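Right, one structure below, let's go through it.
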Protein chains: 2
Amino acid sequence: MSPAVREGGRLVVVGGDAAGMSAASRARRLRPDIEIIVLERGRDVSYSACSTPYYIAGLIGDRNALIAHDAAFFRAERRIDVRLGADAIAADPKRRTVTYRTDASETPQSVGFDALVIATGASPVRLPIPGSELPGIFVLRTLAHADAIRDFLKNEPVANAAVLGAGYVGLEMVEALHSRGIAVTVLEALPHVLPSHDADMSELVEQELLAKGVIVSKATKVEGFESGADGRRIGYVLAGGRRLPTDMVVMAVGVRPETALASSAGIELGRTGAIKVDGRQATSETSVLAAGDCSEATHIVTARPTWIPLGTTANKQGRVAGENAVGGNARFAGVAGTNVTKVFDLEVAQTGLSSEGARKEGLDPDSVRITDLSRSRAYPGALPITVKLIFERGGGRVLGAQIIGKEGAAKRIDTVAAALAGRMTVADLEGIDMSYAPPFSPVWDPLLIAAQQAAKKLRRPGASS
Amino acid sequence: MSPAVREGGRLVVVGGDAAGMSAASRARRLRPDIEIIVLERGRDVSYSACSTPYYIAGLIGDRNALIAHDAAFFRAERRIDVRLGADAIAADPKRRTVTYRTDASETPQSVGFDALVIATGASPVRLPIPGSELPGIFVLRTLAHADAIRDFLKNEPVANAAVLGAGYVGLEMVEALHSRGIAVTVLEALPHVLPSHDADMSELVEQELLAKGVIVSKATKVEGFESGADGRRIGYVLAGGRRLPTDMVVMAVGVRPETALASSAGIELGRTGAIKVDGRQATSETSVLAAGDCSEATHIVTARPTWIPLGTTANKQGRVAGENAVGGNARFAGVAGTNVTKVFDLEVAQTGLSSEGARKEGLDPDSVRITDLSRSRAYPGALPITVKLIFERGGGRVLGAQIIGKEGAAKRIDTVAAALAGRMTVADLEGIDMSYAPPFSPVWDPLLIAAQQAAKKLRRPGASS
């Protein structure tokens with residue numbers, strides 16, 4: 001049941017980034033009559049968190065370029081009452097009130113609502129190890145975090161840096177710092193970089209890092225930090241006690257969903273630890289919806305709840321939550337975990353499950369991996385592109401893909417995302433009439449080659465994945 | 001029923017380009033025991049016809065780079081008896097013989113077969129107007145045609161050229177000649193360039209041509225050619241009798257299926273004029289299959305026979321025909337007419353039906369057209385990309401798309417091709433979890449924006465397409 005906001009009633013949204021502002025904007029478009037309040041803890045709304053590494057790199061010079069619309073715009077153009085520095089500390093779904101604190105006053109304030117959208121996002125993990133709060137140690141999630149890193153780089157002499165964590169954000173920070181002439185060491189606790197990819201694919205990414213002169217240390221745990229006695233700013237301590245000096249540290253070891261407000265309000269969390277929602281973004285409380293990085297989503301491959309915090313999902317879920325909060329009946333189609341990142345000259349793309357991920361879900365995955373070219377062999381500038389296609393051993397349903405190459409990887413992954421949405425088999429994928437012209441692909445697109453190999457493997461089982 | 005080649009029997013393939021050599025190679029892989037003969041009228045097999053404009057431009061310098069494998073390779077590595085200069089002039093499906101002529105002998109030769117694959121391709125149209133065979137007037141289809149144009153450009157002073165026809169080949173030739181410093185005029189008989197696209201999209205292509213200094217004349221019929229009296233090589237005569245001089249002419253006014261062999265053998269042609277085949281590439285004669293540009297295919301949107309000659313289709317149909325000729329049971333998935341071409345700095349991509357094409361098929365199409373960016377607005381180098389999405393007014397099934405932009409158009413079309421294969425609606429398309437990172441797309445991919453607009457239009461009908 002939707003918590004339809006009554007005529008002239010009030011929608012409150014907690015969180016003013018992708019999901020929250022999408023929800024507020026969608027609700028306003030559908031309901032000019034209601035009051036809409038957004039409580040945002042920070043100083044910025046509706047900015048591109050995914051762009052912050054490029055802002056730190058200096059590739060995006062203007063901070064304002066990261067902000068789609070500021071609070072003044074939302075107030076003036078969309079009549080959305082955006083309250084900055086407003087930290088929601090409690091919600092009462094039954095009495096339909098939210099309590100929040102502001103810098104301006106000691107006393108918390110309360111506001112009533114007909115419907116509440118929780119879009120509190122996720123927060124970056126700071127490892128619970130000694131010294132992790134020392135100056136010069138940063139996390140990156142918000143624009144404010146990015147500002148802090150930029151200020152530090154501007155004011156301090158940074159010749160080298162250590163990045164903890166070789167996931168997307170970690171590797172984007174590696175590139176950002178490297179592009180500023182800083183010698184970067186990346187330390188990954190797991191046995192391979194980009195842990196969401198299979199090891200055989202992330203190896204290509206590691207090669208690219210090494211080729212650019214990045215020091216890559218896998219299966220490496222940092223056990224603590226200390227102020228440098230030798231005049232260097234920070235020492236990081238490895239297992240066994242070995243100490244290495246560095247000028248700055250970026251901790252990019254993951255995020256966790258911000259669920260404090262929801263769970264203190266008695267709203268059910270899912271098995272992933274994020275807020276449990278249905279396809280309409282409804283929570284266990286009738287008056288409350290949730291969207292974005294704080295909430296779960298249904299994985300379209302497994303049909304199970306999953307938690308994959310991504311900006312695209314936050315925007316889409318926000319729209320759905322905003323529509324349903326005011327009496328609509330929108331549904332979110334679910335996630336495939338499609339993502340792409342640039343690692344120096346590589347486009348690194350993924351959708352669906354990895355081989356490892358599929359096994360963890362109890363599926364029986366097989367896979368093929370092929371390397372072909374981004375253009376026709378004869379056409380100048382053709383570059384290698386590697387496709388790994390993961391499919392069910394029985395029946396051949398496509399489960400996921402990883403594509404890595406210097407060009408043409410990023411948007412090719414969407415064709416597989418479409419195949420996942422259509423629950424296609426490798427034979428179906430092989431049957432897609434893909435485009436061809438010498439400047440853009442070989443006559444057999446690398447995806448078709450992979451699908452063909454997969455179909456062949458299905459016919460002659462035996463070889464292991 | 002398949003014409004399974006008996007143990008140690010013989011497969012004959014007529015035509016040694018994409019479809020023919022794919023068929024022969026596939027048959028060889030499945031059946032090491034049989035004899036395989038390919039009769040090729042010309043001097044080359046298995047070359048990239050789609051690359052010839054880039055060879056003429058000089059972008060591909062080495063003629064051999066266009067040839068995937070030569071006849072010697074097929075003979076030695078695949079034991080395929082490729083006979084060059086062998087022009088098949090008759091086939092008898094009942095007696096299972098093919099008759100062909102060679103340069104070496106006056107007397108035609110005959111060869112028997114268990115199964116025959118006809119892969120005779122298509123031939124370029126020479127307009128039946130006065131003077132169309134004059135020297136300096138070329139068509140482009142084969143590598144031999146490309147050689148002739150290259151030789152002419154090498155040996156003759158060509159300052160300006162006229163290209164007749166503004167389809168793919170025409171525009172690729174415009175760019176090739178322009179890149180060699182030649183002033184090019186393109187003359188299109190129909191009211192807009194790229195007639196397979198809708199007029200509102202091909203307008204973007206026309207703008208690009210004009211921006212590069214190409215003279216574009218639409219709705220312009222050439223009525224004849226004459227030797228130039230003024231020392232210029234060729235005069236072309238427009239309707240009304242106006243004459244213009246030019247140094248060379250490329251006639252790119254389309255192709256027609258090469259069906260002489262098939263029809264003289266009593267094999268049924270389809271309503272499109274190409275050879276009628278079923279999903280297994282079987283013709284009306286049990287012993288004969290057909291594949292590639294000489295044959296029809298089922299359109300996956302209309303489920304009707306269509307004739308869209310493209311290299312990708314030829315390769316795929318060839319594989320299917322080769323497999324089935326030796327007793328297999330492969331099926332060709334059908335075509336969506338997906339194509340892409342580079343027109344100077346533009347990627348011009350299309351799949352499925354145009355609005356105009358859909359109406360001709362008796363459908364009731366609606367459409368949206370949006371322009372967004374190829375990358376996140378904040379990320380350097382973001383360029384406009386225009387998406388036109390065509391869908392059924394009732395129900396919203398996706399019928400086709402056209403995408404034009406300076407980057408990111410070519411491979412984005414494949415996501416729509418996948419949606420067509422999955423018979424998705426615009427709502428399904430909107431639900432695809434597409435990739436996002438600032439260097440590769442806005443957070444809402446242009447395709448998602450188009451799908452969203454289409455879904456909105458479906459909910460509020462009225463506006464015309």
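The way I read the labels, and the way they are meant: chains A, B, ... in the order of the structure tokens, residue 1 as the first residue of every chain, and ligand 1 as the first ligand shown, with later ones counted on from there.
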
8 Å contact set for Gly213 of chain B, only C-alpha atoms, chain neighbours under 3 positions out, as an MDAnalysis selection string: chainID B and resid 183 209:210

Backbone DSSP call of helix (DSSP H, G or I) for segment 86-277 of chain B, listed as a VMD selection string: chain B and resid 143 to 155 168 to 179 199 to 211 260 to 264

Residues of chain B within 8 Å of chain A, only C-alpha atoms counted, as a PyMOL selection string: chain B and resi 50-51+54+59-60+65-66+311-313+332-342+349+377-380+408+410-419+421-422+424+428-429+431-440+443-444

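Proximity of B:Gly15, B:Gly85, B:Pro124, B:Gly241 to Ser105 of chain B, computed with only C-alpha atoms, is greatest for B:Gly85.
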
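Closest approach to Ala252 of chain B from the set B:Ala451, B:Ala162, B:Leu153, B:Ile404 is made by B:Ala162, with distances taken over only C-alpha atoms.
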
For atom CA of Leu190 of chain A and atom CA of Thr220 of chain A, the interatomic separation in Å (one decimal):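 Atom-to-atom, atom CA of Leu190 of chain A and atom CA of Thr220 of chain A are spaced 7.2 Å apart.
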
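Of the residues listed (A:Arg459, A:Gly266, A:Ile56, A:Asp70), A:Ile56 shows the shortest atom-to-atom separation from Val174 of chain A; distances use only C-alpha atoms.
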
Met173 of chain B surroundings by only C-alpha atoms, 12 Å radius, close-in-sequence under 2 positions cut, as a ChimeraX atom specification: /B:50-58,138-141,146,149-150,161-171,175-180,182,184-186,214,249-253,341-344

Close residues, segment 192-197 of chain B itself excluded, 9 Å, only C-alpha atoms, min 5 positions apart in chain, as a list in words: Gly165, Ala166, Gly167, Tyr168, Leu171, Leu187, Ser202, Glu203, Val205, Glu206, Val216, Ser217, Lys218, Ala219, Gln350, Leu353, Ser354, Ser355, Glu356, Gly357 and Gln402 of chain B

Nearby residues (only C-alpha atoms) at most 10 Å from segment 268-280 of chain A, same-chain spacing under 2 positions excluded, as JSON, numbers by chain: {"A": [1, 2, 118, 121, 122, 256, 257, 258, 259, 262, 263, 264, 265, 266, 282, 283, 284, 285, 289, 290, 291, 292, 293, 294, 295, 296, 297, 298, 305, 306, 307, 308, 309, 317, 320, 321, 323, 324, 325, 328, 329, 330, 331, 332, 333, 334]}

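Nearest to Ser374 of chain A of all the residues A:Gly394, A:Pro191, A:Pro446, A:Gly322 is A:Pro446, based on only C-alpha atoms.
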
Distance query Leu373 of chain A at most 6 Å, only C-alpha atoms, self and fewer than 5 positions along chain excluded, as a VMD selection string: chain A and resid 382 to 385

Create the file for the chosen residues now, containing N, CA and C atoms and written as a tab-separated table (two decimals), in the first residue's frame.
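What follows is the written file result-v9.tsv:
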chain	number	residue	atom	x	y	z
A	382	ALA	N	43.01	-0.38	-34.51
A	382	ALA	CA	42.33	-1.50	-33.85
A	382	ALA	C	43.11	-1.91	-32.61
A	383	LEU	N	42.41	-2.10	-31.50
A	383	LEU	CA	43.05	-2.41	-30.23
A	383	LEU	C	42.43	-3.66	-29.62
A	384	PRO	N	43.19	-4.38	-28.82
A	384	PRO	CA	42.64	-5.60	-28.23
A	384	PRO	C	41.48	-5.30	-27.29
A	385	ILE	N	40.52	-6.19	-27.29
A	385	ILE	CA	39.40	-6.11	-26.35
A	385	ILE	C	39.12	-7.54	-25.88

Sel. of strand (DSSP E) residues, segment 203-405 of chain B, as a PDB file with C-alpha atoms, in the first residue's frame:
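Result file follows (out23.pdb):
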ATOM      1  CA  ILE B 215      28.319  19.844 -51.993  1.00  0.00           C
ATOM      2  CA  VAL B 216      25.067  18.029 -51.264  1.00  0.00           C
ATOM      3  CA  SER B 217      22.270  18.009 -53.783  1.00  0.00           C
ATOM      4  CA  VAL B 222      21.156  12.432 -63.170  1.00  0.00           C
ATOM      5  CA  GLU B 223      19.810  11.641 -66.620  1.00  0.00           C
ATOM      6  CA  GLY B 224      22.963  10.794 -68.499  1.00  0.00           C
ATOM      7  CA  PHE B 225      26.677  11.232 -68.967  1.00  0.00           C
ATOM      8  CA  GLU B 226      28.762  12.460 -71.849  1.00  0.00           C
ATOM      9  CA  SER B 227      32.432  12.819 -72.650  1.00  0.00           C
ATOM     10  CA  ILE B 234      32.827  13.636 -67.931  1.00  0.00           C
ATOM     11  CA  GLY B 235      29.771  15.772 -68.080  1.00  0.00           C
ATOM     12  CA  TYR B 236      26.719  14.689 -66.147  1.00  0.00           C
ATOM     13  CA  VAL B 237      23.325  15.787 -67.284  1.00  0.00           C
ATOM     14  CA  LEU B 238      20.683  16.838 -64.788  1.00  0.00           C
ATOM     15  CA  ARG B 243      25.306  19.866 -67.659  1.00  0.00           C
ATOM     16  CA  LEU B 244      28.085  19.841 -65.080  1.00  0.00           C
ATOM     17  CA  PRO B 245      31.661  18.729 -65.569  1.00  0.00           C
ATOM     18  CA  THR B 246      33.527  16.388 -63.257  1.00  0.00           C
ATOM     19  CA  MET B 248      35.189  11.162 -62.098  1.00  0.00           C
ATOM     20  CA  VAL B 249      31.887   9.634 -61.059  1.00  0.00           C
ATOM     21  CA  VAL B 250      31.123   6.954 -58.496  1.00  0.00           C
ATOM     22  CA  MET B 251      27.712   5.420 -58.912  1.00  0.00           C
ATOM     23  CA  VAL B 255      22.773  -3.194 -55.298  1.00  0.00           C
ATOM     24  CA  ARG B 256      20.538  -5.992 -56.477  1.00  0.00           C
ATOM     25  CA  PRO B 257      20.708  -9.661 -55.543  1.00  0.00           C
ATOM     26  CA  VAL B 288      20.356 -26.337 -52.647  1.00  0.00           C
ATOM     27  CA  LEU B 289      20.865 -23.775 -49.890  1.00  0.00           C
ATOM     28  CA  ALA B 290      21.489 -20.067 -50.289  1.00  0.00           C
ATOM     29  CA  ALA B 297      16.188 -13.269 -44.355  1.00  0.00           C
ATOM     30  CA  THR B 298      13.420 -13.005 -41.811  1.00  0.00           C
ATOM     31  CA  PRO B 305      11.005 -11.935 -45.365  1.00  0.00           C
ATOM     32  CA  THR B 306      13.224  -8.978 -46.086  1.00  0.00           C
ATOM     33  CA  ASN B 339      24.095  -1.005 -39.387  1.00  0.00           C
ATOM     34  CA  VAL B 340      26.590   1.691 -38.626  1.00  0.00           C
ATOM     35  CA  THR B 341      28.780   3.914 -40.709  1.00  0.00           C
ATOM     36  CA  LYS B 342      31.270   6.672 -40.134  1.00  0.00           C
ATOM     37  CA  VAL B 343      30.499   9.899 -41.969  1.00  0.00           C
ATOM     38  CA  LEU B 346      29.942  11.226 -37.059  1.00  0.00           C
ATOM     39  CA  GLU B 347      29.011   7.725 -36.021  1.00  0.00           C
ATOM     40  CA  VAL B 348      25.694   6.977 -37.718  1.00  0.00           C
ATOM     41  CA  ALA B 349      23.922   3.889 -36.440  1.00  0.00           C
ATOM     42  CA  GLN B 350      20.552   2.273 -36.994  1.00  0.00           C
ATOM     43  CA  THR B 351      18.655  -0.858 -36.062  1.00  0.00           C
ATOM     44  CA  GLY B 352      15.188  -2.159 -36.780  1.00  0.00           C
ATOM     45  CA  PRO B 365       4.803   3.754 -35.123  1.00  0.00           C
ATOM     46  CA  ASP B 366       5.372   6.587 -32.715  1.00  0.00           C
ATOM     47  CA  SER B 367       8.783   8.010 -31.923  1.00  0.00           C
ATOM     48  CA  VAL B 368      10.798  10.279 -29.681  1.00  0.00           C
ATOM     49  CA  ARG B 369      14.010  12.061 -30.477  1.00  0.00           C
ATOM     50  CA  ILE B 370      16.352  13.364 -27.824  1.00  0.00           C
ATOM     51  CA  THR B 371      19.783  14.930 -27.828  1.00  0.00           C
ATOM     52  CA  ASP B 372      22.015  14.451 -24.820  1.00  0.00           C
ATOM     53  CA  LEU B 373      25.728  13.967 -24.202  1.00  0.00           C
ATOM     54  CA  PRO B 384      26.164  15.661 -28.368  1.00  0.00           C
ATOM     55  CA  ILE B 385      24.504  12.380 -29.220  1.00  0.00           C
ATOM     56  CA  THR B 386      21.042  12.160 -30.750  1.00  0.00           C
ATOM     57  CA  VAL B 387      18.790   9.147 -30.274  1.00  0.00           C
ATOM     58  CA  LYS B 388      15.577   8.519 -32.151  1.00  0.00           C
ATOM     59  CA  LEU B 389      13.561   5.657 -30.731  1.00  0.00           C
ATOM     60  CA  ILE B 390      10.709   4.182 -32.745  1.00  0.00           C
ATOM     61  CA  PHE B 391       8.018   2.160 -30.983  1.00  0.00           C
ATOM     62  CA  GLU B 392       4.526   0.850 -31.484  1.00  0.00           C
ATOM     63  CA  VAL B 398      10.432  -1.137 -29.605  1.00  0.00           C
ATOM     64  CA  LEU B 399      10.546  -1.150 -33.419  1.00  0.00           C
ATOM     65  CA  GLY B 400      13.886   0.475 -34.083  1.00  0.00           C
ATOM     66  CA  ALA B 401      16.346   3.232 -33.296  1.00  0.00           C
ATOM     67  CA  GLN B 402      18.718   5.607 -34.987  1.00  0.00           C
ATOM     68  CA  ILE B 403      21.680   7.053 -33.094  1.00  0.00           C
ATOM     69  CA  ILE B 404      23.994   9.734 -34.403  1.00  0.00           C
ATOM     70  CA  GLY B 405      26.889  11.354 -32.578  1.00  0.00           C
TER      71      GLY B 405
END
